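Working notes for the structure below.
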Amino acid sequence: MTDLSYNPHKEIDLENRRRRLLFRAWHRGIKELDLIFGNFVEANVQDFSEDDCAWFESLFEEQDHEILAWVTKGENVPEKFQGEMMSRLQKLDFMVLKAR
């Protein structure tokens with residue numbers, strides 16, 4: 001579970017949070033993360049709970065090069081990002097991801 005003590009998105013309803021996540025997932029700055037997050041979030045966003053949204057919102061505040069290492073290599077993943085969602089991202093078949 002993600003620490004929700006700081007949540008700048010708490011006033012935004014779940015549907016709008018999902019839309020914001022989808023946009024941010026496709027506009028990371030590093031093309032590899034655009035492909036990873038864009039495809040993953042697009043395929044799963046309708047099932048995201050408030051906690052799932054908070055997890056991604058927190059993750060998206062981290063440095064792109066660190067996130068890329070966590071997802072692709074499983075290196076030094078901070079405890080707050082370990083768990084089911086990170087495992088699902090790490091299991092993606094990167095060869096079948098499609099650009100938008």
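Labels used: A, B, ... for chains in the order of the structure tokens, numbers from 1 for residues in each chain, and numbers from 1 for ligands as shown.
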Could you list, as a PyMOL selection string, every residue within 10 Å of segment 38-43 of chain A, counting only C-alpha atoms and ignoring same-chain residues fewer than 2 positions away? chain A and resi 18-19+21-28+31-36+45-48+56+88-89+92+94+96-100
Pick out the residues sitting within 9 Å of Asp64 of chain A, and hand them over as a PDB file with N, CA and C atoms, in the first residue's frame; count only C-alpha atoms, and ignore anything fewer than 2 positions along from it in its own chain.
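Below you can see part-v6.pdb, which holds the result:
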ATOM      1  N   ARG A  28       6.127  10.680 -20.729  1.00  0.00           N
ATOM      2  CA  ARG A  28       7.115  10.609 -19.657  1.00  0.00           C
ATOM      3  C   ARG A  28       8.372  11.426 -19.954  1.00  0.00           C
ATOM      4  N   GLY A  29       8.772  11.494 -21.207  1.00  0.00           N
ATOM      5  CA  GLY A  29      10.023  12.165 -21.535  1.00  0.00           C
ATOM      6  C   GLY A  29      11.059  11.190 -22.070  1.00  0.00           C
ATOM      7  N   ILE A  30      11.006   9.967 -21.613  1.00  0.00           N
ATOM      8  CA  ILE A  30      11.860   8.894 -22.139  1.00  0.00           C
ATOM      9  C   ILE A  30      10.943   7.961 -22.931  1.00  0.00           C
ATOM     10  N   LEU A  33       9.868   4.615 -21.458  1.00  0.00           N
ATOM     11  CA  LEU A  33       8.836   4.672 -20.419  1.00  0.00           C
ATOM     12  C   LEU A  33       7.477   5.031 -21.001  1.00  0.00           C
ATOM     13  N   PHE A  60       5.243   8.322 -10.655  1.00  0.00           N
ATOM     14  CA  PHE A  60       5.512   9.276 -11.724  1.00  0.00           C
ATOM     15  C   PHE A  60       6.264  10.516 -11.254  1.00  0.00           C
ATOM     16  N   GLU A  61       6.397  10.694  -9.947  1.00  0.00           N
ATOM     17  CA  GLU A  61       7.186  11.800  -9.408  1.00  0.00           C
ATOM     18  C   GLU A  61       8.675  11.465  -9.329  1.00  0.00           C
ATOM     19  N   GLU A  62       9.021  10.212  -9.528  1.00  0.00           N
ATOM     20  CA  GLU A  62      10.421   9.769  -9.449  1.00  0.00           C
ATOM     21  C   GLU A  62      11.155  10.052 -10.755  1.00  0.00           C
ATOM     22  N   GLU A  66      15.702   6.146 -13.056  1.00  0.00           N
ATOM     23  CA  GLU A  66      15.567   5.211 -11.937  1.00  0.00           C
ATOM     24  C   GLU A  66      14.369   4.285 -12.151  1.00  0.00           C
ATOM     25  N   ILE A  67      13.249   4.857 -12.568  1.00  0.00           N
ATOM     26  CA  ILE A  67      12.055   4.049 -12.830  1.00  0.00           C
ATOM     27  C   ILE A  67      12.356   3.000 -13.887  1.00  0.00           C
ATOM     28  N   LEU A  68      13.055   3.395 -14.943  1.00  0.00           N
ATOM     29  CA  LEU A  68      13.378   2.467 -16.023  1.00  0.00           C
ATOM     30  C   LEU A  68      14.199   1.291 -15.506  1.00  0.00           C
ATOM     31  N   ALA A  69      15.162   1.548 -14.632  1.00  0.00           N
ATOM     32  CA  ALA A  69      15.962   0.469 -14.040  1.00  0.00           C
ATOM     33  C   ALA A  69      15.112  -0.425 -13.141  1.00  0.00           C
TER      34      ALA A  69
END
